[in-house]
Amino acid sequence: MEAPNPTAAAKSDASDEPVVVSGIQPSGRLHLGNYFGAIRQHIDLHEQHEAYYFIVNYHAMTTVDDPERLREHTFDVALDYLALDFDPEEAALFVQSDVPEVTELTWIFMNLLPTSRLEKGVAYKDKVDAGLTPNAGLFNYPVLQAADILIYGGSLVPVGADQKQNIEITRDLARRFNNTYCPEDEPLFPIPDPHILDDVAVVPGIDGQKMSKSYGNTIGIFDEGDELKDKVMSIVTDSKPLDEPKDPESCNVFSLIKLVAEEEKQKQIAQQYRDGGYGYGHAKQDLLALIQDYFAEARAKRKELEQRPDYVRDVLRHGAEQARERVEPIMERVRDLTGLVRTR
Ligand code: TRP
């Protein structure tokens with residue numbers, strides 16, 4: 001098999017080392033559910049392996065047609081990741097559209113996949129079932145995602161459980177391409193493994209449902225002041241009076257406390273719940289202080305980064321350079337194998 005060229009982002013020359021690839025939606029301000037659901041693991045993984053993380057602005061176009069919003073959200077995510085200690089020396093962080101070859105590969109892949117495979121897509125079907133008319137971009141979303149992953153020779157993809165279907169299509173496309181175009185003993189694309197990030201606690205939102213932007217129940221990682229306070233104070237609880245003993249394990253406030261408090265502090269607060277004389281108002285005050293503390297450094301770093309847009313741009317540009325270096329030989333090979341004539 002032709003090994004893809006190692007790049008500056010390479011952690012090791014061994015070709016059986018996993019290459020981590022993940023796309024990040026530029027969907028506005030990140031919240032605690034994003035952080036404890038995926039970002040924390042992203043940040044952990046990027047230091048251990050060769051890794052390519054990109055902000056998927058092409059994917060976002062399937063639902064966003066406001067250019068200002070797309071631009072802003074793209075930079076916002078970059079700021080968020082850098083503030084949360086993503087280290088650009090350790091792995092490449094870049095904007096998807098800085099590697100436009102990914103759309104070229106998408107086109108090539110589209111011709112290998114029967115449309116019936118995409119008609120079963122969850123996001124697409126949901127829209128159709130809701131009576132909406134999905135655009136062709138949404139229909140082909142999983143093909144672009146497959147190109148995203150395979151163009152970097154990605155073999156390990158850290159994603160939430162909701163992405164299983166898309167990774168299945170990616171695996172399918174890798175096989176189809178290899179079978180159609182590659183000599184039998186020289187497949188071009190590795191078959192990637194999903195690394196499903198579902199061993200994490202479900203993070204409740206302020207209404208007690210899973211925290212999600214679409215439910216409007218989020219607490220932002222970078223919320224502060226009255227905004228943060230109002231959200232924490234409005235977390236739904238039962239109506240047990242202050243004096244009465246309470247069960248921490250069935251309380252939304254405590255579920256959040258568990259994510260941001262050290263072990264000792266958690267135990268102490270759980271005991272106060274059980275003892276009584278500790279009201280939900282107290283618990284919320286404690287949670288507020290704990291959240292402020294947990295993200296204090298990230299908040300300060302984000303403020304500092306906001307003052308240095310050129311630095312953020314440089315990081316993204318450097319990441320894109322690494323990504324393009326990686327992509328070039330793979331795309332040359334793809335064009336060659338598929339019979340796309342290039343005269344320049
Ligand atoms: N579909 C993914 C999501 O909604 C984002 C994504 C795009 C992605 N391209 C990717 C994830 C490639 C992993 C690998 O979260």
# chains A, B, ... in the order shown; residues from 1 in each chain; ligands from 1
>>> closest_atom_pairs(of="chain A", to="ligand 1", cutoff="6 Å", atoms="only C-alpha atoms and all ligand atoms", output="Markdown table")
| residue | atom | partner | partner_atom_place_in_ligand_line | distance |
| --- | --- | --- | --- | --- |
| A:Val21 | CA | ligand 1 | 14 (C) | 5.7 |
| A:Ser22 | CA | ligand 1 | 13 (C) | 3.8 |
| A:Gly23 | CA | ligand 1 | 8 (C) | 3.6 |
| A:Ile24 | CA | ligand 1 | 5 (C) | 5.3 |
| A:Gln25 | CA | ligand 1 | 5 (C) | 5.6 |
| A:Val56 | CA | ligand 1 | 7 (C) | 5.6 |
| A:Gln145 | CA | ligand 1 | 9 (N) | 4.2 |
| A:Asp148 | CA | ligand 1 | 12 (C) | 5.3 |
| A:Ile149 | CA | ligand 1 | 12 (C) | 5.3 |
| A:Val157 | CA | ligand 1 | 13 (C) | 5.8 |
| A:Val159 | CA | ligand 1 | 13 (C) | 5.9 |
>>> closest_atom_pairs(of="segment 24-130 of chain A", to="segment 160-171 of chain A", cutoff="10 Å", atoms="only C-alpha atoms", output="CSV")
residue,atom,partner,partner_atom,distance
A:Gly37,CA,A:Gly160,CA,7.6
A:Ala38,CA,A:Gly160,CA,7.1
A:Phe109,CA,A:Thr170,CA,9.8
A:Leu113,CA,A:Ile169,CA,9.0
A:Arg117,CA,A:Ile169,CA,8.0
A:Leu118,CA,A:Ile169,CA,8.6
A:Lys120,CA,A:Gln165,CA,9.4
A:Gly121,CA,A:Gln165,CA,7.4
A:Val122,CA,A:Gln165,CA,8.0
A:Ala123,CA,A:Asp162,CA,10.0
>>> closest_atom_pairs(of="segment 77-147 of chain A", to="segment 173-195 of chain A", cutoff="10 Å", atoms="only C-alpha atoms", output="JSON lines")
{"residue": "A:Ile108", "atom": "CA", "partner": "A:Phe177", "partner_atom": "CA", "distance": 9.2}
{"residue": "A:Phe109", "atom": "CA", "partner": "A:Leu173", "partner_atom": "CA", "distance": 6.9}
{"residue": "A:Met110", "atom": "CA", "partner": "A:Leu173", "partner_atom": "CA", "distance": 9.1}
{"residue": "A:Asn111", "atom": "CA", "partner": "A:Phe177", "partner_atom": "CA", "distance": 10.0}
{"residue": "A:Leu112", "atom": "CA", "partner": "A:Arg176", "partner_atom": "CA", "distance": 6.7}
{"residue": "A:Leu113", "atom": "CA", "partner": "A:Leu173", "partner_atom": "CA", "distance": 7.2}
{"residue": "A:Val143", "atom": "CA", "partner": "A:Leu173", "partner_atom": "CA", "distance": 8.2}
{"residue": "A:Ala146", "atom": "CA", "partner": "A:Leu173", "partner_atom": "CA", "distance": 7.2}
{"residue": "A:Ala147", "atom": "CA", "partner": "A:Leu173", "partner_atom": "CA", "distance": 8.9}
>>> write_last_selection(atoms="N, CA and C atoms", output="PDB file, in the first residue's frame")
ATOM      1  N   ILE A 108     -16.064  13.212  -6.863  1.00  0.00           N
ATOM      2  CA  ILE A 108     -15.633  11.877  -7.317  1.00  0.00           C
ATOM      3  C   ILE A 108     -16.400  10.796  -6.551  1.00  0.00           C
ATOM      4  N   PHE A 109     -16.518  10.990  -5.244  1.00  0.00           N
ATOM      5  CA  PHE A 109     -17.223   9.993  -4.417  1.00  0.00           C
ATOM      6  C   PHE A 109     -18.705   9.901  -4.771  1.00  0.00           C
ATOM      7  N   MET A 110     -19.299  11.032  -5.134  1.00  0.00           N
ATOM      8  CA  MET A 110     -20.744  11.020  -5.416  1.00  0.00           C
ATOM      9  C   MET A 110     -21.078  10.016  -6.511  1.00  0.00           C
ATOM     10  N   ASN A 111     -20.119   9.798  -7.391  1.00  0.00           N
ATOM     11  CA  ASN A 111     -20.365   8.892  -8.512  1.00  0.00           C
ATOM     12  C   ASN A 111     -20.190   7.426  -8.143  1.00  0.00           C
ATOM     13  N   LEU A 112     -19.791   7.182  -6.913  1.00  0.00           N
ATOM     14  CA  LEU A 112     -19.602   5.802  -6.465  1.00  0.00           C
ATOM     15  C   LEU A 112     -20.745   5.328  -5.572  1.00  0.00           C
ATOM     16  N   LEU A 113     -21.662   6.258  -5.241  1.00  0.00           N
ATOM     17  CA  LEU A 113     -22.663   5.927  -4.225  1.00  0.00           C
ATOM     18  C   LEU A 113     -24.075   5.999  -4.805  1.00  0.00           C
ATOM     19  N   VAL A 143     -21.441  12.556   2.023  1.00  0.00           N
ATOM     20  CA  VAL A 143     -20.374  12.322   1.043  1.00  0.00           C
ATOM     21  C   VAL A 143     -19.225  13.300   1.279  1.00  0.00           C
ATOM     22  N   ALA A 146     -17.334  12.087   4.183  1.00  0.00           N
ATOM     23  CA  ALA A 146     -16.443  10.976   3.819  1.00  0.00           C
ATOM     24  C   ALA A 146     -15.166  11.516   3.184  1.00  0.00           C
ATOM     25  N   ALA A 147     -15.325  12.517   2.313  1.00  0.00           N
ATOM     26  CA  ALA A 147     -14.157  13.118   1.667  1.00  0.00           C
ATOM     27  C   ALA A 147     -13.269  13.780   2.717  1.00  0.00           C
TER      28      ALA A 147
END
>>> select_by_dssp(residues="segment 46-279 of chain A", states="strand (DSSP E or B)", output="list in words")
Glu50, Ala51, Tyr52, Tyr53, Phe54, Ile55, Ala92, Leu93, Phe94, Val95, Leu156, Val157, Pro158, Val159, Asp193, Pro194, His195, Ile196, Pro204, Lys210 and Gly220 of chain A
>>> write_last_selection(atoms="C-alpha atoms", output="CSV table (one decimal), in the first residue's frame")
chain,number,residue,atom,x,y,z
A,50,GLU,CA,-1.3,12.8,14.4
A,51,ALA,CA,-4.5,14.8,14.1
A,52,TYR,CA,-6.4,17.0,11.7
A,53,TYR,CA,-9.3,19.1,13.1
A,54,PHE,CA,-11.2,21.4,10.8
A,55,ILE,CA,-14.1,23.8,11.2
A,92,ALA,CA,-3.5,20.9,12.7
A,93,LEU,CA,-6.5,23.2,13.3
A,94,PHE,CA,-7.9,24.8,10.1
A,95,VAL,CA,-10.9,25.8,8.1
A,156,LEU,CA,-9.7,7.3,13.7
A,157,VAL,CA,-12.7,9.6,13.9
A,158,PRO,CA,-13.8,10.9,17.3
A,159,VAL,CA,-17.5,11.7,17.0
A,193,ASP,CA,-13.0,3.4,12.7
A,194,PRO,CA,-15.4,5.6,14.6
A,195,HIS,CA,-14.3,6.4,18.0
A,196,ILE,CA,-17.7,7.0,19.6
A,204,PRO,CA,-28.7,18.3,31.3
A,210,LYS,CA,-30.3,17.0,27.2
A,220,GLY,CA,-22.4,28.6,27.4
>>> atom_distance(atom1="atom CA of Val341 of chain A", atom2="atom CA of Leu144 of chain A")
22.6 Å
>>> residues_around(residues="Arg71 of chain A", least_positions_apart="5", cutoff="10 Å", atoms="only C-alpha atoms", output="list in words")
Pro26, Asn57, Asp66 and Asp76 of chain A
>>> closest_residue(among="A:Ile219, A:Gly281, A:Phe254, A:Pro309", to="Ser239 of chain A", atoms="only C-alpha atoms")
A:Gly281
>>> select_by_dssp(residues="segment 21-232 of chain A", states="alpha helix (DSSP H)", output="ChimeraX atom specification")
/A:32-34,40-46,57-60,67-83,101-110,115-119,122-129,136-150,164-181,225-232
>>> atom_distance(atom1="atom CA of Asp247 of chain A", atom2="atom CA of Tyr273 of chain A")
6.4 Å
>>> closest_residue(among="A:Leu32, A:Ala60, A:Leu70, A:Val334", to="Leu228 of chain A", atoms="only C-alpha atoms")
A:Leu32
>>> closest_residue(among="A:Lys265, A:Glu119, A:Thr343, A:Ser255", to="Gly208 of chain A", atoms="only C-alpha atoms")
A:Ser255
>>> atom_distance(atom1="atom CA of Asp126 of chain A", atom2="atom CA of Ser97 of chain A")
26.6 Å
>>> closest_residue(among="A:Gly216, A:Gly28, A:Pro88, A:Gly225", to="Glu47 of chain A", atoms="only C-alpha atoms")
A:Pro88
